[in-house]
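**Student:** Enclosed is the structure file input.pdb (PDB, C-alpha atoms, pLDDT in the B column).
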ATOM      1  CA  MET G   1     -76.113 -74.378 147.098  1.00 95.00           C
ATOM      2  CA  LYS G   2     -75.300 -72.202 150.047  1.00 97.00           C
ATOM      3  CA  VAL G   3     -78.461 -70.530 151.312  1.00 98.00           C
ATOM      4  CA  MET G   4     -78.854 -67.789 153.919  1.00 98.00           C
ATOM      5  CA  LEU G   5     -82.024 -67.842 156.003  1.00 98.00           C
ATOM      6  CA  LEU G   6     -83.331 -64.854 157.944  1.00 98.00           C
ATOM      7  CA  GLY G   7     -86.188 -65.430 160.395  1.00 96.00           C
ATOM      8  CA  ALA G   8     -85.445 -69.062 161.207  1.00 96.00           C
ATOM      9  CA  THR G   9     -87.242 -68.858 164.569  1.00 92.00           C
ATOM     10  CA  GLY G  10     -90.619 -67.876 163.132  1.00 93.00           C
ATOM     11  CA  LEU G  11     -93.633 -70.005 162.216  1.00 94.00           C
ATOM     12  CA  THR G  12     -92.744 -70.225 158.534  1.00 96.00           C
ATOM     13  CA  GLY G  13     -88.990 -69.669 158.817  1.00 97.00           C
ATOM     14  CA  GLY G  14     -88.576 -72.612 161.183  1.00 96.00           C
ATOM     15  CA  GLN G  15     -90.173 -74.927 158.649  1.00 97.00           C
ATOM     16  CA  VAL G  16     -88.117 -73.423 155.823  1.00 98.00           C
ATOM     17  CA  LEU G  17     -85.010 -74.230 157.873  1.00 98.00           C
ATOM     18  CA  GLN G  18     -85.967 -77.885 158.276  1.00 97.00           C
ATOM     19  CA  GLY G  19     -86.880 -78.136 154.621  1.00 98.00           C
ATOM     20  CA  LEU G  20     -83.586 -76.686 153.406  1.00 98.00           C
ATOM     21  CA  LEU G  21     -81.565 -78.956 155.678  1.00 98.00           C
ATOM     22  CA  ALA G  22     -83.331 -81.992 154.233  1.00 97.00           C
ATOM     23  CA  ARG G  23     -82.642 -81.171 150.586  1.00 97.00           C
ATOM     24  CA  GLU G  24     -79.668 -82.575 148.723  1.00 96.00           C
ATOM     25  CA  GLU G  25     -79.423 -79.419 146.599  1.00 96.00           C
ATOM     26  CA  VAL G  26     -78.417 -77.470 149.717  1.00 97.00           C
ATOM     27  CA  ASP G  27     -74.864 -77.858 150.994  1.00 97.00           C
ATOM     28  CA  GLN G  28     -75.129 -75.320 153.812  1.00 98.00           C
ATOM     29  CA  VAL G  29     -77.738 -73.141 155.496  1.00 98.00           C
ATOM     30  CA  VAL G  30     -76.389 -69.929 156.984  1.00 98.00           C
ATOM     31  CA  ALA G  31     -78.883 -68.842 159.652  1.00 98.00           C
ATOM     32  CA  LEU G  32     -78.570 -65.359 161.133  1.00 98.00           C
ATOM     33  CA  VAL G  33     -80.213 -65.385 164.556  1.00 96.00           C
ATOM     34  CA  ARG G  34     -80.426 -63.282 167.704  1.00 93.00           C
ATOM     35  CA  HIS G  35     -80.236 -66.336 169.936  1.00 92.00           C
ATOM     36  CA  ARG G  36     -78.849 -69.767 169.153  1.00 92.00           C
ATOM     37  CA  LEU G  37     -81.324 -72.324 167.855  1.00 92.00           C
ATOM     38  CA  PRO G  38     -81.610 -75.794 169.463  1.00 92.00           C
ATOM     39  CA  THR G  39     -81.333 -77.362 165.992  1.00 89.00           C
ATOM     40  CA  LEU G  40     -78.105 -79.258 165.372  1.00 90.00           C
ATOM     41  CA  HIS G  41     -77.187 -80.316 161.852  1.00 95.00           C
ATOM     42  CA  ASP G  42     -74.013 -80.754 159.835  1.00 96.00           C
ATOM     43  CA  LYS G  43     -75.355 -78.400 157.173  1.00 97.00           C
ATOM     44  CA  LEU G  44     -76.401 -75.662 159.594  1.00 98.00           C
ATOM     45  CA  ALA G  45     -74.098 -72.714 160.277  1.00 97.00           C
ATOM     46  CA  GLN G  46     -75.655 -70.544 162.967  1.00 96.00           C
ATOM     47  CA  HIS G  47     -74.437 -67.009 163.552  1.00 97.00           C
ATOM     48  CA  GLU G  48     -75.704 -64.908 166.441  1.00 96.00           C
ATOM     49  CA  VAL G  49     -75.735 -61.356 165.127  1.00 97.00           C
ATOM     50  CA  ASN G  50     -76.819 -57.865 166.045  1.00 96.00           C
ATOM     51  CA  PHE G  51     -79.263 -57.009 163.269  1.00 97.00           C
ATOM     52  CA  ASP G  52     -78.664 -53.326 163.962  1.00 97.00           C
ATOM     53  CA  ASN G  53     -75.086 -53.824 162.762  1.00 96.00           C
ATOM     54  CA  LEU G  54     -75.237 -56.311 159.894  1.00 97.00           C
ATOM     55  CA  ASP G  55     -72.282 -54.578 158.246  1.00 97.00           C
ATOM     56  CA  ALA G  56     -70.080 -56.230 160.868  1.00 97.00           C
ATOM     57  CA  HIS G  57     -71.132 -59.609 159.456  1.00 96.00           C
ATOM     58  CA  ALA G  58     -70.850 -58.728 155.782  1.00 97.00           C
ATOM     59  CA  SER G  59     -68.590 -61.710 154.991  1.00 96.00           C
ATOM     60  CA  LEU G  60     -71.445 -64.097 155.846  1.00 98.00           C
ATOM     61  CA  PHE G  61     -73.374 -62.889 152.812  1.00 98.00           C
ATOM     62  CA  ASP G  62     -71.191 -64.812 150.388  1.00 96.00           C
ATOM     63  CA  VAL G  63     -74.025 -67.213 149.534  1.00 97.00           C
ATOM     64  CA  ASP G  64     -76.023 -68.292 146.481  1.00 96.00           C
ATOM     65  CA  ALA G  65     -79.478 -67.250 147.670  1.00 97.00           C
ATOM     66  CA  ILE G  66     -81.190 -65.486 150.562  1.00 98.00           C
ATOM     67  CA  VAL G  67     -84.568 -66.493 151.974  1.00 98.00           C
ATOM     68  CA  CYS G  68     -86.103 -63.854 154.236  1.00 98.00           C
ATOM     69  CA  CYS G  69     -88.930 -64.700 156.649  1.00 97.00           C
ATOM     70  CA  LEU G  70     -88.215 -61.861 159.068  1.00 96.00           C
ATOM     71  CA  GLY G  71     -91.275 -60.180 160.494  1.00 92.00           C
ATOM     72  CA  THR G  72     -92.971 -59.000 163.646  1.00 91.00           C
ATOM     73  CA  THR G  73     -96.138 -57.221 164.727  1.00 90.00           C
ATOM     74  CA  ILE G  74     -96.532 -53.621 165.824  1.00 90.00           C
ATOM     75  CA  LYS G  75     -97.690 -54.874 169.229  1.00 91.00           C
ATOM     76  CA  LYS G  76     -94.620 -57.064 169.687  1.00 91.00           C
ATOM     77  CA  ALA G  77     -92.259 -54.448 168.248  1.00 93.00           C
ATOM     78  CA  GLY G  78     -93.619 -51.817 170.629  1.00 93.00           C
ATOM     79  CA  SER G  79     -93.938 -48.969 168.122  1.00 96.00           C
ATOM     80  CA  GLN G  80     -94.355 -48.244 164.455  1.00 96.00           C
ATOM     81  CA  ALA G  81     -90.729 -47.140 164.279  1.00 96.00           C
ATOM     82  CA  GLN G  82     -89.505 -50.467 165.686  1.00 97.00           C
ATOM     83  CA  PHE G  83     -91.828 -52.388 163.390  1.00 97.00           C
ATOM     84  CA  ARG G  84     -90.419 -50.512 160.399  1.00 97.00           C
ATOM     85  CA  LYS G  85     -86.880 -51.339 161.509  1.00 97.00           C
ATOM     86  CA  VAL G  86     -87.573 -55.085 161.765  1.00 97.00           C
ATOM     87  CA  ASP G  87     -89.837 -55.531 158.748  1.00 97.00           C
ATOM     88  CA  LEU G  88     -88.124 -53.091 156.387  1.00 98.00           C
ATOM     89  CA  GLY G  89     -84.742 -52.015 157.719  1.00 98.00           C
ATOM     90  CA  TYR G  90     -83.277 -55.424 158.518  1.00 98.00           C
ATOM     91  CA  PRO G  91     -84.398 -57.247 155.339  1.00 98.00           C
ATOM     92  CA  LEU G  92     -83.323 -54.353 153.135  1.00 98.00           C
ATOM     93  CA  LYS G  93     -79.880 -54.147 154.710  1.00 98.00           C
ATOM     94  CA  ALA G  94     -79.458 -57.901 154.290  1.00 98.00           C
ATOM     95  CA  ALA G  95     -80.511 -57.607 150.658  1.00 98.00           C
ATOM     96  CA  GLU G  96     -78.013 -54.816 150.064  1.00 98.00           C
ATOM     97  CA  LEU G  97     -75.184 -56.858 151.560  1.00 98.00           C
ATOM     98  CA  GLY G  98     -76.211 -59.867 149.531  1.00 98.00           C
ATOM     99  CA  ARG G  99     -76.282 -57.867 146.325  1.00 97.00           C
ATOM    100  CA  ALA G 100     -72.831 -56.462 147.108  1.00 97.00           C
ATOM    101  CA  HIS G 101     -71.557 -60.051 147.354  1.00 96.00           C
ATOM    102  CA  GLY G 102     -73.131 -61.093 144.063  1.00 95.00           C
ATOM    103  CA  VAL G 103     -76.033 -63.092 145.486  1.00 96.00           C
ATOM    104  CA  ARG G 104     -78.252 -64.130 142.606  1.00 94.00           C
ATOM    105  CA  ALA G 105     -81.599 -64.754 144.281  1.00 96.00           C
ATOM    106  CA  PHE G 106     -83.671 -63.192 147.063  1.00 98.00           C
ATOM    107  CA  ILE G 107     -86.920 -64.831 148.195  1.00 98.00           C
ATOM    108  CA  LEU G 108     -89.088 -62.740 150.510  1.00 98.00           C
ATOM    109  CA  MET G 109     -92.017 -63.514 152.768  1.00 97.00           C
ATOM    110  CA  SER G 110     -94.223 -60.436 152.467  1.00 97.00           C
ATOM    111  CA  ALA G 111     -98.009 -60.223 152.851  1.00 96.00           C
ATOM    112  CA  ILE G 112    -101.205 -59.950 150.848  1.00 95.00           C
ATOM    113  CA  GLY G 113    -102.125 -56.311 150.328  1.00 94.00           C
ATOM    114  CA  ALA G 114     -98.547 -55.061 150.467  1.00 97.00           C
ATOM    115  CA  SER G 115     -98.300 -51.732 148.663  1.00 97.00           C
ATOM    116  CA  SER G 116     -96.199 -48.634 149.201  1.00 97.00           C
ATOM    117  CA  SER G 117     -99.295 -46.556 148.470  1.00 97.00           C
ATOM    118  CA  SER G 118    -101.513 -48.314 151.015  1.00 97.00           C
ATOM    119  CA  THR G 119    -103.199 -46.248 153.714  1.00 97.00           C
ATOM    120  CA  ILE G 120    -102.642 -49.155 156.126  1.00 96.00           C
ATOM    121  CA  PHE G 121     -99.281 -48.770 157.863  1.00 97.00           C
ATOM    122  CA  TYR G 122     -98.468 -52.501 157.929  1.00 96.00           C
ATOM    123  CA  ASN G 123     -99.190 -52.968 154.230  1.00 96.00           C
ATOM    124  CA  ARG G 124     -97.378 -49.751 153.334  1.00 98.00           C
ATOM    125  CA  VAL G 125     -94.151 -50.822 155.081  1.00 98.00           C
ATOM    126  CA  LYS G 126     -94.283 -54.212 153.354  1.00 98.00           C
ATOM    127  CA  GLY G 127     -94.801 -52.494 150.022  1.00 98.00           C
ATOM    128  CA  GLU G 128     -91.944 -50.053 150.593  1.00 98.00           C
ATOM    129  CA  LEU G 129     -89.629 -53.002 151.192  1.00 98.00           C
ATOM    130  CA  GLU G 130     -90.760 -54.692 147.991  1.00 98.00           C
ATOM    131  CA  ASP G 131     -90.134 -51.510 145.981  1.00 98.00           C
ATOM    132  CA  ALA G 132     -86.672 -51.117 147.510  1.00 98.00           C
ATOM    133  CA  LEU G 133     -85.783 -54.735 146.711  1.00 98.00           C
ATOM    134  CA  GLU G 134     -86.830 -54.294 143.095  1.00 97.00           C
ATOM    135  CA  ASP G 135     -84.529 -51.281 142.841  1.00 97.00           C
ATOM    136  CA  LEU G 136     -81.547 -53.397 143.955  1.00 97.00           C
ATOM    137  CA  GLY G 137     -81.711 -55.312 140.693  1.00 93.00           C
ATOM    138  CA  TYR G 138     -81.530 -58.892 141.912  1.00 96.00           C
ATOM    139  CA  PRO G 139     -81.391 -61.284 138.944  1.00 95.00           C
ATOM    140  CA  TYR G 140     -84.027 -63.401 140.693  1.00 96.00           C
ATOM    141  CA  LEU G 141     -86.537 -61.845 143.087  1.00 97.00           C
ATOM    142  CA  SER G 142     -89.541 -63.791 144.342  1.00 97.00           C
ATOM    143  CA  ILE G 143     -92.052 -62.194 146.709  1.00 98.00           C
ATOM    144  CA  TYR G 144     -94.652 -64.231 148.595  1.00 98.00           C
ATOM    145  CA  HIS G 145     -98.052 -62.710 149.368  1.00 97.00           C
ATOM    146  CA  PRO G 146     -99.811 -65.128 151.728  1.00 96.00           C
ATOM    147  CA  SER G 147    -102.920 -64.091 153.611  1.00 92.00           C
ATOM    148  CA  LEU G 148    -103.470 -65.433 157.141  1.00 90.00           C
ATOM    149  CA  LEU G 149    -100.826 -68.035 157.994  1.00 93.00           C
ATOM    150  CA  LEU G 150    -102.211 -71.150 159.648  1.00 91.00           C
ATOM    151  CA  GLY G 151    -100.211 -73.247 162.099  1.00 84.00           C
ATOM    152  CA  ASP G 152     -99.161 -73.623 165.712  1.00 76.00           C
ATOM    153  CA  ARG G 153     -97.448 -70.464 166.940  1.00 61.00           C
ATOM    154  CA  LYS G 154     -95.170 -70.207 169.944  1.00 60.00           C
ATOM    155  CA  GLU G 155     -96.871 -66.969 170.880  1.00 58.00           C
ATOM    156  CA  GLN G 156    -100.593 -66.377 171.190  1.00 54.00           C
ATOM    157  CA  ARG G 157    -102.142 -63.685 169.003  1.00 52.00           C
ATOM    158  CA  THR G 158    -105.826 -63.311 169.908  1.00 54.00           C
ATOM    159  CA  ALA G 159    -107.006 -61.795 166.639  1.00 52.00           C
ATOM    160  CA  GLU G 160    -105.141 -64.372 164.569  1.00 51.00           C
ATOM    161  CA  ALA G 161    -106.399 -67.229 166.757  1.00 50.00           C
ATOM    162  CA  LEU G 162    -109.985 -66.135 166.082  1.00 48.00           C
ATOM    163  CA  GLY G 163    -109.263 -65.813 162.389  1.00 50.00           C
ATOM    164  CA  ILE G 164    -107.726 -69.280 162.241  1.00 50.00           C
ATOM    165  CA  LYS G 165    -110.833 -70.823 163.820  1.00 54.00           C
ATOM    166  CA  ALA G 166    -113.096 -69.121 161.297  1.00 52.00           C
ATOM    167  CA  MET G 167    -110.857 -69.680 158.271  1.00 51.00           C
ATOM    168  CA  PRO G 168    -112.156 -73.120 157.157  1.00 59.00           C
ATOM    169  CA  LEU G 169    -115.589 -71.549 156.592  1.00 53.00           C
ATOM    170  CA  VAL G 170    -114.231 -68.284 155.199  1.00 52.00           C
ATOM    171  CA  ASN G 171    -111.990 -70.099 152.723  1.00 53.00           C
ATOM    172  CA  ARG G 172    -115.022 -71.767 151.146  1.00 56.00           C
ATOM    173  CA  LEU G 173    -116.534 -68.349 150.506  1.00 53.00           C
ATOM    174  CA  LEU G 174    -113.406 -66.874 148.956  1.00 53.00           C
ATOM    175  CA  ILE G 175    -113.628 -67.984 145.354  1.00 61.00           C
ATOM    176  CA  GLY G 176    -112.517 -66.616 142.008  1.00 58.00           C
ATOM    177  CA  PRO G 177    -110.487 -63.404 142.347  1.00 65.00           C
ATOM    178  CA  LEU G 178    -110.955 -63.530 146.127  1.00 62.00           C
ATOM    179  CA  ASP G 179    -109.117 -66.824 146.580  1.00 66.00           C
ATOM    180  CA  LYS G 180    -105.821 -64.992 147.123  1.00 69.00           C
ATOM    181  CA  TYR G 181    -107.208 -63.945 150.527  1.00 69.00           C
ATOM    182  CA  ARG G 182    -107.637 -67.533 151.712  1.00 77.00           C
ATOM    183  CA  GLY G 183    -105.757 -68.588 154.815  1.00 87.00           C
ATOM    184  CA  ILE G 184    -102.864 -70.911 154.033  1.00 93.00           C
ATOM    185  CA  GLU G 185    -100.814 -73.336 156.100  1.00 94.00           C
ATOM    186  CA  ALA G 186     -97.388 -71.970 156.986  1.00 96.00           C
ATOM    187  CA  ALA G 187     -96.028 -75.428 156.136  1.00 97.00           C
ATOM    188  CA  THR G 188     -97.334 -75.033 152.580  1.00 97.00           C
ATOM    189  CA  VAL G 189     -95.671 -71.639 152.188  1.00 98.00           C
ATOM    190  CA  ALA G 190     -92.420 -72.998 153.616  1.00 98.00           C
ATOM    191  CA  LEU G 191     -92.408 -75.966 151.241  1.00 98.00           C
ATOM    192  CA  ALA G 192     -93.048 -73.676 148.276  1.00 98.00           C
ATOM    193  CA  MET G 193     -90.128 -71.457 149.266  1.00 98.00           C
ATOM    194  CA  VAL G 194     -87.823 -74.450 149.714  1.00 98.00           C
ATOM    195  CA  ASN G 195     -88.858 -75.930 146.367  1.00 97.00           C
ATOM    196  CA  GLU G 196     -88.307 -72.614 144.645  1.00 97.00           C
ATOM    197  CA  VAL G 197     -84.856 -71.930 146.055  1.00 96.00           C
ATOM    198  CA  CYS G 198     -83.748 -75.504 145.345  1.00 96.00           C
ATOM    199  CA  SER G 199     -84.946 -75.233 141.743  1.00 94.00           C
ATOM    200  CA  LEU G 200     -82.338 -72.522 141.246  1.00 92.00           C
ATOM    201  CA  ALA G 201     -79.586 -75.107 141.723  1.00 81.00           C
ATOM    202  CA  THR G 202     -80.387 -76.669 138.348  1.00 75.00           C
ATOM    203  CA  GLU G 203     -81.905 -73.766 136.403  1.00 70.00           C
ATOM    204  CA  ALA G 204     -79.706 -72.045 133.846  1.00 59.00           C
ATOM    205  CA  ALA G 205     -79.155 -68.321 134.274  1.00 59.00           C
ATOM    206  CA  ALA G 206     -81.886 -66.365 132.535  1.00 61.00           C
ATOM    207  CA  GLU G 207     -83.028 -62.806 132.106  1.00 71.00           C
ATOM    208  CA  ARG G 208     -84.067 -60.988 135.233  1.00 85.00           C
ATOM    209  CA  VAL G 209     -86.951 -62.683 137.054  1.00 90.00           C
ATOM    210  CA  LEU G 210     -89.456 -60.891 139.296  1.00 94.00           C
ATOM    211  CA  GLN G 211     -92.327 -62.960 140.659  1.00 94.00           C
ATOM    212  CA  VAL G 212     -95.130 -62.203 143.116  1.00 97.00           C
ATOM    213  CA  ARG G 213     -96.594 -65.432 144.516  1.00 97.00           C
ATOM    214  CA  GLU G 214    -100.174 -65.555 145.769  1.00 96.00           C
ATOM    215  CA  TYR G 215    -102.399 -68.339 147.103  1.00 94.00           C
ATOM    216  CA  ASP G 216    -102.821 -70.539 144.002  1.00 94.00           C
ATOM    217  CA  GLU G 217     -99.220 -70.243 142.859  1.00 96.00           C
ATOM    218  CA  ILE G 218     -97.865 -70.862 146.365  1.00 97.00           C
ATOM    219  CA  ARG G 219     -99.895 -74.065 146.581  1.00 96.00           C
ATOM    220  CA  GLN G 220     -98.681 -75.120 143.147  1.00 96.00           C
ATOM    221  CA  LEU G 221     -95.038 -74.505 144.085  1.00 96.00           C
ATOM    222  CA  ALA G 222     -95.523 -76.613 147.206  1.00 96.00           C
ATOM    223  CA  LYS G 223     -96.420 -79.719 145.195  1.00 90.00           C
TER     224      LYS G 223
END
In structure tokens, what does this structure look like?
**Tutor:**
Amino acid sequence: MKVMLLGATGLTGGQVLQGLLAREEVDQVVALVRHRLPTLHDKLAQHEVNFDNLDAHASLFDVDAIVCCLGTTIKKAGSQAQFRKVDLGYPLKAAELGRAHGVRAFILMSAIGASSSSTIFYNRVKGELEDALEDLGYPYLSIYHPSLLLGDRKEQRTAEALGIKAMPLVNRLLIGPLDKYRGIEAATVALAMVNEVCSLATEAAAERVLQVREYDEIRQLAK
């Protein structure tokens, strides 16, 4: 398989990258990045691109599957408009280019609570992206809804750091229908995404698939 990865520098995306490179089902990983990664591997094809002009790199989208872990925060983006561009505009444009090149599968890192009807801006933008992806008609669309991602980040986020410290206790209280809100290791999410995309190498073509993955299913896919 030839797999495109968006968001390879992030907490989850970086682990997805390493996982894909280690799998025999994957012949090449096409990573679109703003700045070159230090990772060197025979299977890795890095391309420094301007995400505001992905049309100029349309030929790169001749792949079998796209895994998208792109995402930022409103604080880091600087404004709601910039956040919308990174978390909705870039992934959607990539998905459109992929669809135009006949890409079969798109696997998206979204977030718990994503809904285009949400009153929370973050969740609403995530939900708008999901709706737009569904409209593109990918034969295989898988959307991940993790809650708080646990792991060592390059950047410090105070609110998330506090949440991570409290999560072991909170997770024990989130049972039954609330378990989808449990914090989950980014490494677990990454492994699930890698396992899922690699399973497509041997699966026969089927009717259109649309999946939304939450806590329990993500953990199951990671086994």
**Student:** For the PyMOL selection byres ((chain G and resi 25-35) around 8), applied here, can you spell out every residue it catches as a list of chain:residue names?
**Tutor:**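 Answer for the PyMOL selection byres ((chain G and resi 25-35) around 8): G:Met1, G:Lys2, G:Val3, G:Met4, G:Leu5, G:Leu6, G:Gly7, G:Ala8, G:Thr9, G:Leu17, G:Leu20, G:Leu21, G:Arg23, G:Glu24, G:Arg36, G:Leu37, G:Lys43, G:Leu44, G:Ala45, G:Gln46, G:His47, G:Glu48, G:Val49, G:Asn50, G:Phe51, G:Leu60, G:Cys198, G:Ala201.
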**Student:** Any idea what's packed within 9 Å of Ala105 in chain G, counting all atoms listed in the file, ignoring anything in its chain fewer than 5 positions away? Could you give it as a compact mmCIF listing (two decimals) with C-alpha atoms, in the coordinates of the input?
**Tutor:**
# COMPACT_ATOMS: atom_id res chain seq x y z
CA ASP G 64 -76.02 -68.29 146.48
CA ALA G 65 -79.48 -67.25 147.67
CA ILE G 66 -81.19 -65.49 150.56
CA VAL G 67 -84.57 -66.49 151.97
CA GLY G 98 -76.21 -59.87 149.53
CA ARG G 99 -76.28 -57.87 146.32
CA TYR G 138 -81.53 -58.89 141.91
CA PRO G 139 -81.39 -61.28 138.94
CA TYR G 140 -84.03 -63.40 140.69
CA LEU G 141 -86.54 -61.84 143.09
CA SER G 142 -89.54 -63.79 144.34
CA VAL G 197 -84.86 -71.93 146.06
CA LEU G 200 -82.34 -72.52 141.25
**Student:** On this structure, the PyMOL selection byres ((chain G and resi 144-151) around 6) would catch which residues? List them as a list in words, sorted by chain and number.
**Tutor:**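 Against this file, the PyMOL selection byres ((chain G and resi 144-151) around 6) returns the residues Met109, Ser110, Ala111, Ile112, Ile143, Asp152, Tyr181, Gly183, Ile184, Glu185, Ala186, Val212, Arg213 and Glu214 of chain G.
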**Student:** CA of Gly113 in chain G and CA of Thr72 in chain G are how many Å apart?
**Tutor:**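 Rounded to one decimal, the two atoms are 16.4 Å apart.
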**Student:** Would you work out the distance separating CA of Gly14 in chain G from CA of Tyr122 in chain G, expressed in Å to one decimal?
**Tutor:**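 According to the coordinates, CA of Gly14 in chain G and CA of Tyr122 in chain G are separated by 22.6 Å.
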**Student:** Mind giving me the straight-line distance from CA of Ser79 in chain G to CA of Asp52 in chain G in Å, one decimal?
**Tutor:**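 Here the two named atoms are 16.4 Å from each other.
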**Student:** Return the padded bounding box of range 50-56 of chain G as lines of an AutoDock Vina configuration file: axis-aligned, built from all atoms listed in the file, 3 Å added on each side, with centre and edge lengths in Å to one decimal.
**Tutor:**
center_x = -74.7
center_y = -55.6
center_z = 162.1
size_x = 15.2
size_y = 10.5
size_z = 13.8
**Student:** With a distance cut-off of 10 Å and all atoms listed in the file, select the neighbouring residues of Glu196 in chain G, excluding the residue or stretch itself and same-chain residues fewer than 5 positions from it, and output the selection as a list in words.
**Tutor:** Ile107, Ser142, Ala190, Leu191, Ala201, Ile218, Leu221 and Ala222 of chain G
**Student:** Include C-alpha atoms and write out the residues we just selected as a compact mmCIF listing (two decimals), in the coordinates of the input.
**Tutor:**
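Okay, this is what ended up in part36.txt:
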# COMPACT_ATOMS: atom_id res chain seq x y z
CA ILE G 107 -86.92 -64.83 148.20
CA SER G 142 -89.54 -63.79 144.34
CA ALA G 190 -92.42 -73.00 153.62
CA LEU G 191 -92.41 -75.97 151.24
CA ALA G 201 -79.59 -75.11 141.72
CA ILE G 218 -97.86 -70.86 146.36
CA LEU G 221 -95.04 -74.50 144.08
CA ALA G 222 -95.52 -76.61 147.21
**Student:** Out of G:Leu40, G:Val189, G:His57, G:Arg104, which residue has the shortest atom-to-atom distance to Val209 in chain G when counting all atoms listed in the file?
**Tutor:**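 The closest residue to Val209 in chain G is G:Arg104.
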**Student:** Name every residue that the PyMOL selection byres ((chain G and resi 101) around 9) selects in this structure, writing the answer as a VMD selection string with chains first and numbers rising.
**Tutor:** chain G and resid 58 to 59 61 to 63 96 to 100 102 to 103
**Student:** Measuring atom to atom with all atoms listed in the file, identify which of G:Lys75, G:Arg219, G:His41, G:Arg208 is nearest to Arg182 in chain G.
**Tutor:**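 Answer, going by the shortest atom-to-atom distance: G:Arg219.
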